[in-house]
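Listing of upload_18.cif, mmCIF, N, CA and C atoms
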```
data_entry
#
loop_
_atom_site.label_atom_id
_atom_site.label_comp_id
_atom_site.auth_asym_id
_atom_site.auth_seq_id
_atom_site.Cartn_x
_atom_site.Cartn_y
_atom_site.Cartn_z
N MET A 1 2.78 7.95 -17.79
CA MET A 1 1.80 6.92 -18.00
C MET A 1 1.08 6.65 -16.69
N THR A 2 -0.20 6.48 -16.72
CA THR A 2 -0.96 6.18 -15.53
C THR A 2 -1.57 4.80 -15.65
N GLY A 3 -1.95 4.25 -14.51
CA GLY A 3 -2.53 2.91 -14.51
C GLY A 3 -3.91 2.94 -13.90
N SER A 4 -4.68 1.90 -14.20
CA SER A 4 -6.04 1.83 -13.67
C SER A 4 -6.34 0.44 -13.13
N ALA A 5 -5.34 -0.20 -12.53
CA ALA A 5 -5.51 -1.58 -12.06
C ALA A 5 -6.18 -1.67 -10.71
N ALA A 6 -6.12 -0.63 -9.94
CA ALA A 6 -6.67 -0.69 -8.58
C ALA A 6 -8.19 -0.60 -8.63
N PRO A 7 -8.81 -0.99 -7.55
CA PRO A 7 -10.26 -0.86 -7.48
C PRO A 7 -10.68 0.58 -7.68
N PRO A 8 -11.84 0.82 -8.28
CA PRO A 8 -12.28 2.20 -8.51
C PRO A 8 -12.52 2.93 -7.20
N ALA A 9 -12.31 4.23 -7.23
CA ALA A 9 -12.51 5.05 -6.04
C ALA A 9 -13.67 6.01 -6.28
N LYS A 10 -14.17 6.56 -5.20
CA LYS A 10 -15.29 7.50 -5.28
C LYS A 10 -14.81 8.91 -5.61
N VAL A 11 -13.52 9.15 -5.59
CA VAL A 11 -12.94 10.46 -5.87
C VAL A 11 -11.94 10.33 -7.01
N LEU A 12 -11.53 11.46 -7.57
CA LEU A 12 -10.51 11.44 -8.62
C LEU A 12 -9.28 10.72 -8.08
N PHE A 13 -8.85 9.69 -8.78
CA PHE A 13 -7.82 8.82 -8.23
C PHE A 13 -7.07 8.14 -9.37
N THR A 14 -5.77 8.25 -9.37
CA THR A 14 -4.94 7.55 -10.33
C THR A 14 -4.14 6.52 -9.54
N PRO A 15 -4.34 5.23 -9.79
CA PRO A 15 -3.66 4.21 -9.00
C PRO A 15 -2.13 4.30 -9.07
N PHE A 16 -1.59 4.60 -10.26
CA PHE A 16 -0.14 4.79 -10.33
C PHE A 16 0.21 5.74 -11.46
N VAL A 17 1.39 6.33 -11.31
CA VAL A 17 1.96 7.20 -12.34
C VAL A 17 3.40 6.77 -12.54
N ARG A 18 3.78 6.59 -13.81
CA ARG A 18 5.17 6.28 -14.13
C ARG A 18 5.84 7.59 -14.51
N ALA A 19 7.00 7.84 -13.90
CA ALA A 19 7.80 9.03 -14.21
C ALA A 19 9.24 8.55 -14.39
N GLY A 20 9.67 8.47 -15.62
CA GLY A 20 11.00 7.93 -15.89
C GLY A 20 11.08 6.49 -15.45
N ASP A 21 12.08 6.20 -14.64
CA ASP A 21 12.29 4.83 -14.15
C ASP A 21 11.54 4.53 -12.85
N TYR A 22 10.67 5.43 -12.43
CA TYR A 22 9.97 5.24 -11.16
C TYR A 22 8.46 5.13 -11.36
N VAL A 23 7.84 4.33 -10.52
CA VAL A 23 6.39 4.20 -10.50
C VAL A 23 5.93 4.61 -9.11
N PHE A 24 5.02 5.58 -9.07
CA PHE A 24 4.47 6.10 -7.83
C PHE A 24 3.06 5.53 -7.68
N VAL A 25 2.85 4.72 -6.64
CA VAL A 25 1.56 4.10 -6.40
C VAL A 25 0.81 4.92 -5.36
N SER A 26 -0.40 5.33 -5.71
CA SER A 26 -1.24 6.10 -4.79
C SER A 26 -1.62 5.24 -3.59
N GLY A 27 -2.04 5.90 -2.54
CA GLY A 27 -2.43 5.21 -1.32
C GLY A 27 -3.48 4.14 -1.56
N GLN A 28 -3.22 2.98 -1.01
CA GLN A 28 -4.12 1.84 -1.14
C GLN A 28 -4.59 1.44 0.25
N ALA A 29 -5.90 1.38 0.41
CA ALA A 29 -6.50 0.98 1.68
C ALA A 29 -7.18 -0.36 1.49
N ALA A 30 -7.89 -0.79 2.50
CA ALA A 30 -8.60 -2.07 2.46
C ALA A 30 -9.92 -1.89 1.71
N VAL A 31 -9.85 -1.91 0.39
CA VAL A 31 -11.03 -1.82 -0.44
C VAL A 31 -11.11 -3.05 -1.34
N ASP A 32 -12.31 -3.37 -1.78
CA ASP A 32 -12.49 -4.51 -2.67
C ASP A 32 -12.39 -4.06 -4.12
N GLU A 33 -12.64 -4.98 -5.04
CA GLU A 33 -12.51 -4.71 -6.47
C GLU A 33 -13.48 -3.64 -6.97
N ASP A 34 -14.53 -3.37 -6.20
CA ASP A 34 -15.49 -2.34 -6.57
C ASP A 34 -15.25 -1.02 -5.85
N GLY A 35 -14.14 -0.94 -5.11
CA GLY A 35 -13.81 0.30 -4.42
C GLY A 35 -14.50 0.49 -3.09
N ARG A 36 -15.18 -0.54 -2.59
CA ARG A 36 -15.86 -0.45 -1.30
C ARG A 36 -14.90 -0.81 -0.17
N LEU A 37 -14.96 -0.03 0.90
CA LEU A 37 -14.15 -0.34 2.07
C LEU A 37 -14.52 -1.71 2.62
N VAL A 38 -13.50 -2.46 3.03
CA VAL A 38 -13.70 -3.77 3.63
C VAL A 38 -13.09 -3.71 5.02
N PRO A 39 -13.88 -3.29 6.01
CA PRO A 39 -13.33 -3.17 7.36
C PRO A 39 -12.98 -4.54 7.91
N GLY A 40 -11.96 -4.54 8.74
CA GLY A 40 -11.52 -5.77 9.39
C GLY A 40 -10.59 -5.45 10.52
N THR A 41 -9.89 -6.48 10.99
CA THR A 41 -8.87 -6.24 12.00
C THR A 41 -7.74 -5.43 11.37
N PHE A 42 -6.87 -4.92 12.19
CA PHE A 42 -5.73 -4.19 11.65
C PHE A 42 -4.96 -5.07 10.67
N GLU A 43 -4.67 -6.30 11.05
CA GLU A 43 -3.91 -7.19 10.17
C GLU A 43 -4.64 -7.44 8.85
N GLU A 44 -5.93 -7.65 8.90
CA GLU A 44 -6.69 -7.88 7.67
C GLU A 44 -6.64 -6.66 6.75
N GLU A 45 -6.79 -5.47 7.32
CA GLU A 45 -6.74 -4.26 6.51
C GLU A 45 -5.34 -4.04 5.95
N LEU A 46 -4.32 -4.28 6.76
CA LEU A 46 -2.94 -4.14 6.29
C LEU A 46 -2.68 -5.08 5.11
N ARG A 47 -3.02 -6.33 5.26
CA ARG A 47 -2.75 -7.32 4.20
C ARG A 47 -3.55 -7.01 2.93
N ARG A 48 -4.79 -6.58 3.06
CA ARG A 48 -5.58 -6.22 1.87
C ARG A 48 -4.97 -5.00 1.19
N SER A 49 -4.51 -4.03 1.97
CA SER A 49 -3.88 -2.84 1.40
C SER A 49 -2.63 -3.21 0.61
N ILE A 50 -1.80 -4.06 1.19
CA ILE A 50 -0.58 -4.47 0.49
C ILE A 50 -0.92 -5.31 -0.74
N ASP A 51 -1.93 -6.16 -0.66
CA ASP A 51 -2.37 -6.90 -1.84
C ASP A 51 -2.83 -5.96 -2.95
N ASN A 52 -3.51 -4.87 -2.58
CA ASN A 52 -3.91 -3.88 -3.58
C ASN A 52 -2.69 -3.21 -4.20
N VAL A 53 -1.69 -2.89 -3.40
CA VAL A 53 -0.44 -2.33 -3.94
C VAL A 53 0.19 -3.33 -4.91
N ARG A 54 0.22 -4.58 -4.52
CA ARG A 54 0.80 -5.63 -5.37
C ARG A 54 0.09 -5.69 -6.73
N ARG A 55 -1.24 -5.59 -6.73
CA ARG A 55 -2.00 -5.62 -7.98
C ARG A 55 -1.67 -4.42 -8.87
N VAL A 56 -1.58 -3.25 -8.25
CA VAL A 56 -1.26 -2.05 -9.02
C VAL A 56 0.14 -2.18 -9.61
N LEU A 57 1.10 -2.61 -8.81
CA LEU A 57 2.46 -2.79 -9.31
C LEU A 57 2.50 -3.79 -10.45
N SER A 58 1.74 -4.85 -10.34
CA SER A 58 1.69 -5.87 -11.39
C SER A 58 1.24 -5.26 -12.72
N GLN A 59 0.26 -4.37 -12.67
CA GLN A 59 -0.20 -3.70 -13.89
C GLN A 59 0.90 -2.84 -14.51
N ALA A 60 1.83 -2.39 -13.69
CA ALA A 60 2.96 -1.60 -14.17
C ALA A 60 4.15 -2.49 -14.53
N GLY A 61 3.97 -3.82 -14.43
CA GLY A 61 5.05 -4.75 -14.74
C GLY A 61 6.07 -4.89 -13.63
N LEU A 62 5.67 -4.58 -12.41
CA LEU A 62 6.59 -4.60 -11.28
C LEU A 62 6.05 -5.49 -10.17
N ALA A 63 6.87 -5.65 -9.12
CA ALA A 63 6.51 -6.47 -7.96
C ALA A 63 6.89 -5.73 -6.69
N LEU A 64 6.47 -6.27 -5.56
CA LEU A 64 6.84 -5.65 -4.28
C LEU A 64 8.35 -5.56 -4.12
N SER A 65 9.08 -6.47 -4.70
CA SER A 65 10.54 -6.45 -4.59
C SER A 65 11.16 -5.25 -5.31
N ASP A 66 10.39 -4.56 -6.16
CA ASP A 66 10.88 -3.37 -6.85
C ASP A 66 10.64 -2.09 -6.05
N VAL A 67 9.96 -2.20 -4.92
CA VAL A 67 9.64 -1.03 -4.10
C VAL A 67 10.91 -0.51 -3.44
N VAL A 68 11.12 0.81 -3.57
CA VAL A 68 12.29 1.45 -2.96
C VAL A 68 11.90 2.39 -1.82
N LYS A 69 10.60 2.73 -1.72
CA LYS A 69 10.13 3.63 -0.67
C LYS A 69 8.71 3.26 -0.30
N VAL A 70 8.45 3.15 1.00
CA VAL A 70 7.13 2.82 1.52
C VAL A 70 6.65 3.96 2.41
N GLY A 71 5.43 4.40 2.17
CA GLY A 71 4.77 5.35 3.06
C GLY A 71 3.59 4.63 3.69
N ALA A 72 3.61 4.50 4.99
CA ALA A 72 2.54 3.78 5.70
C ALA A 72 1.82 4.74 6.62
N TYR A 73 0.51 4.53 6.72
CA TYR A 73 -0.35 5.35 7.54
C TYR A 73 -1.12 4.42 8.47
N VAL A 74 -0.83 4.51 9.75
CA VAL A 74 -1.41 3.62 10.76
C VAL A 74 -2.28 4.48 11.66
N GLU A 75 -3.58 4.19 11.67
CA GLU A 75 -4.49 5.03 12.45
C GLU A 75 -4.18 5.00 13.94
N ASP A 76 -4.03 3.81 14.51
CA ASP A 76 -3.84 3.68 15.96
C ASP A 76 -2.37 3.35 16.26
N PRO A 77 -1.66 4.23 16.96
CA PRO A 77 -0.26 3.95 17.29
C PRO A 77 -0.06 2.61 18.00
N ALA A 78 -1.08 2.11 18.67
CA ALA A 78 -0.98 0.81 19.34
C ALA A 78 -0.80 -0.34 18.34
N ASP A 79 -1.10 -0.09 17.05
CA ASP A 79 -0.94 -1.12 16.03
C ASP A 79 0.47 -1.15 15.42
N LEU A 80 1.33 -0.24 15.81
CA LEU A 80 2.68 -0.21 15.24
C LEU A 80 3.47 -1.50 15.46
N PRO A 81 3.43 -2.14 16.63
CA PRO A 81 4.17 -3.40 16.78
C PRO A 81 3.69 -4.48 15.79
N GLU A 82 2.39 -4.54 15.57
CA GLU A 82 1.87 -5.52 14.61
C GLU A 82 2.32 -5.18 13.19
N TYR A 83 2.29 -3.91 12.84
CA TYR A 83 2.78 -3.47 11.52
C TYR A 83 4.25 -3.87 11.36
N ASN A 84 5.06 -3.57 12.37
CA ASN A 84 6.48 -3.90 12.29
C ASN A 84 6.74 -5.40 12.23
N ARG A 85 5.85 -6.19 12.81
CA ARG A 85 5.99 -7.66 12.76
C ARG A 85 5.67 -8.19 11.36
N ILE A 86 4.65 -7.65 10.71
CA ILE A 86 4.19 -8.14 9.41
C ILE A 86 5.00 -7.56 8.26
N TYR A 87 5.45 -6.35 8.38
CA TYR A 87 6.15 -5.63 7.31
C TYR A 87 7.23 -6.46 6.60
N PRO A 88 8.14 -7.13 7.32
CA PRO A 88 9.21 -7.87 6.63
C PRO A 88 8.72 -9.04 5.77
N GLU A 89 7.52 -9.53 6.00
CA GLU A 89 6.97 -10.58 5.14
C GLU A 89 6.83 -10.08 3.70
N TYR A 90 6.51 -8.82 3.55
CA TYR A 90 6.27 -8.23 2.24
C TYR A 90 7.48 -7.46 1.70
N PHE A 91 8.28 -6.92 2.60
CA PHE A 91 9.40 -6.07 2.20
C PHE A 91 10.70 -6.53 2.87
N PRO A 92 11.13 -7.77 2.62
CA PRO A 92 12.36 -8.26 3.25
C PRO A 92 13.61 -7.51 2.78
N HIS A 93 13.50 -6.83 1.64
CA HIS A 93 14.63 -6.08 1.09
C HIS A 93 14.79 -4.71 1.76
N ALA A 94 13.94 -4.38 2.71
CA ALA A 94 14.04 -3.20 3.56
C ALA A 94 14.17 -1.89 2.77
N PRO A 95 13.12 -1.53 2.00
CA PRO A 95 13.15 -0.23 1.32
C PRO A 95 13.09 0.91 2.34
N ALA A 96 13.41 2.12 1.89
CA ALA A 96 13.24 3.29 2.75
C ALA A 96 11.78 3.35 3.17
N ARG A 97 11.54 3.91 4.35
CA ARG A 97 10.17 3.83 4.87
C ARG A 97 9.86 5.02 5.76
N THR A 98 8.62 5.49 5.65
CA THR A 98 8.07 6.51 6.53
C THR A 98 6.75 5.98 7.07
N THR A 99 6.52 6.16 8.36
CA THR A 99 5.27 5.70 8.96
C THR A 99 4.66 6.85 9.76
N LEU A 100 3.41 7.16 9.45
CA LEU A 100 2.68 8.19 10.18
C LEU A 100 1.53 7.53 10.93
N THR A 101 1.18 8.09 12.08
CA THR A 101 0.06 7.55 12.86
C THR A 101 -1.00 8.62 13.07
N SER A 102 -2.17 8.16 13.45
CA SER A 102 -3.29 9.03 13.84
C SER A 102 -3.65 10.03 12.74
N CYS A 103 -3.66 9.57 11.48
CA CYS A 103 -3.84 10.50 10.37
C CYS A 103 -4.92 10.08 9.38
N LEU A 104 -5.68 9.04 9.68
CA LEU A 104 -6.66 8.52 8.72
C LEU A 104 -8.10 8.87 9.08
N GLY A 105 -8.29 9.64 10.11
CA GLY A 105 -9.62 10.10 10.47
C GLY A 105 -10.58 9.00 10.91
N GLY A 106 -10.03 7.85 11.30
CA GLY A 106 -10.87 6.76 11.76
C GLY A 106 -11.63 6.04 10.66
N ILE A 107 -11.36 6.37 9.40
CA ILE A 107 -12.08 5.74 8.29
C ILE A 107 -11.56 4.33 8.03
N VAL A 108 -10.25 4.19 8.03
CA VAL A 108 -9.59 2.89 7.87
C VAL A 108 -8.50 2.79 8.92
N LYS A 109 -8.01 1.59 9.13
CA LYS A 109 -6.95 1.37 10.12
C LYS A 109 -5.56 1.50 9.52
N PHE A 110 -5.46 1.34 8.17
CA PHE A 110 -4.15 1.30 7.52
C PHE A 110 -4.27 1.73 6.07
N GLU A 111 -3.25 2.40 5.58
CA GLU A 111 -3.13 2.74 4.16
C GLU A 111 -1.65 2.75 3.81
N LEU A 112 -1.37 2.49 2.55
CA LEU A 112 0.02 2.35 2.11
C LEU A 112 0.19 2.97 0.74
N ASP A 113 1.26 3.73 0.54
CA ASP A 113 1.66 4.14 -0.80
C ASP A 113 3.13 3.78 -0.98
N VAL A 114 3.54 3.58 -2.21
CA VAL A 114 4.92 3.17 -2.46
C VAL A 114 5.48 3.86 -3.70
N ILE A 115 6.80 3.84 -3.76
CA ILE A 115 7.54 4.22 -4.97
C ILE A 115 8.35 2.99 -5.36
N ALA A 116 8.26 2.60 -6.63
CA ALA A 116 9.00 1.44 -7.12
C ALA A 116 9.94 1.88 -8.23
N TYR A 117 11.06 1.18 -8.34
CA TYR A 117 12.04 1.46 -9.38
C TYR A 117 11.84 0.50 -10.53
N ALA A 118 11.65 1.05 -11.72
CA ALA A 118 11.37 0.23 -12.90
C ALA A 118 12.55 0.18 -13.86
N GLY A 119 13.71 0.68 -13.45
CA GLY A 119 14.87 0.69 -14.33
C GLY A 119 15.59 -0.64 -14.34
N ASP A 120 16.61 -0.71 -15.17
CA ASP A 120 17.45 -1.92 -15.31
C ASP A 120 16.63 -3.05 -15.78
#
```

Go ahead and express the file in the form of structure tokens.
Amino acid sequence: MTGSAAPPAKVLFTPFVRAGDYVFVSGQAAVDEDGRLVPGTFEEELRRSIDNVRRVLSQAGLALSDVVKVGAYVEDPADLPEYNRIYPEYFPHAPARTTLTSCLGGIVKFELDVIAYAGD
């Protein structure tokens, strides 16, 4: 099952896919409801990205607390301390996590994808 809760994208994009008891959420960046990039500070982009993940999860009947794996993409390695400071606000349950830097081509400062568990 796929979902379409996230803002529309300019490319082929499925916001989430359910596979068994897991929901895989595609990368979410700082975009608005119309799919337009909303540039801001690192913190603003991070929070908007996570809010977009939250909306997609909600369409799948899940919440951030159901996330078991986080993939984060941070453009500037200098922003890692700020990411690490804000992260526990959204993921206090400490899911597994991978963080990559210098990989967004300067288009956005932050992007996030997650895997959530929908069982039980």

With only C-alpha atoms as the basis for distance, which of A:Lys69, A:Lys109, A:Arg54, A:Arg48 is at the shortest distance from Pro95 in chain A?
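For Pro95 in chain A, the nearest of the given residues is A:Lys69.
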
Which residues, written as a PyMOL selection string, have at least one atom at most 6 Å from Val70 in chain A, with all atoms listed in the file counted and residues fewer than 6 positions away on the same chain left out?
chain A and resi 95-98+113-115

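Matched in the shown structure by the PyMOL selection byres ((chain A and resi 101) around 6): A:Tyr73, A:Val74, A:Glu75, A:Asp76, A:Pro77, A:Thr99, A:Leu100, A:Ser102, A:Cys103, A:Leu104.
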
Would you list, as number ranges by chain, the residues of chain A that end up in strand (DSSP E or B) under DSSP run on this structure's backbone?
A: 2-3, 16-19, 22-28, 31, 37, 67-74, 96-101, 110-117

Expand the PyMOL selection byres ((chain A and resi 65) around 8) into the individual residues it matches in the shown file, reporting them as a list in words.
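Those residues are Leu62, Ala63, Leu64, Asp66, Val67, Val68, Tyr90, Phe91, Pro92, His93, Ala116 and Tyr117 of chain A.
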
Report the distance between atom C of Ala94 in chain A and atom C of Thr14 in chain A in Å, rounded to one decimal place.
23.6 Å

Atom N of Tyr22 in chain A to CA of Gly119 in chain A: how many Å, to one decimal?
6.6 Å

CA of Leu112 in chain A sits from atom C of Asn52 in chain A at a separation of 8.8 Å

For Thr41 in chain A, please output as a PyMOL selection string all residues within 10 Å (counting only C-alpha atoms; exclusion window: fewer than 4 positions along the same chain).
chain A and resi 45-47+109-110
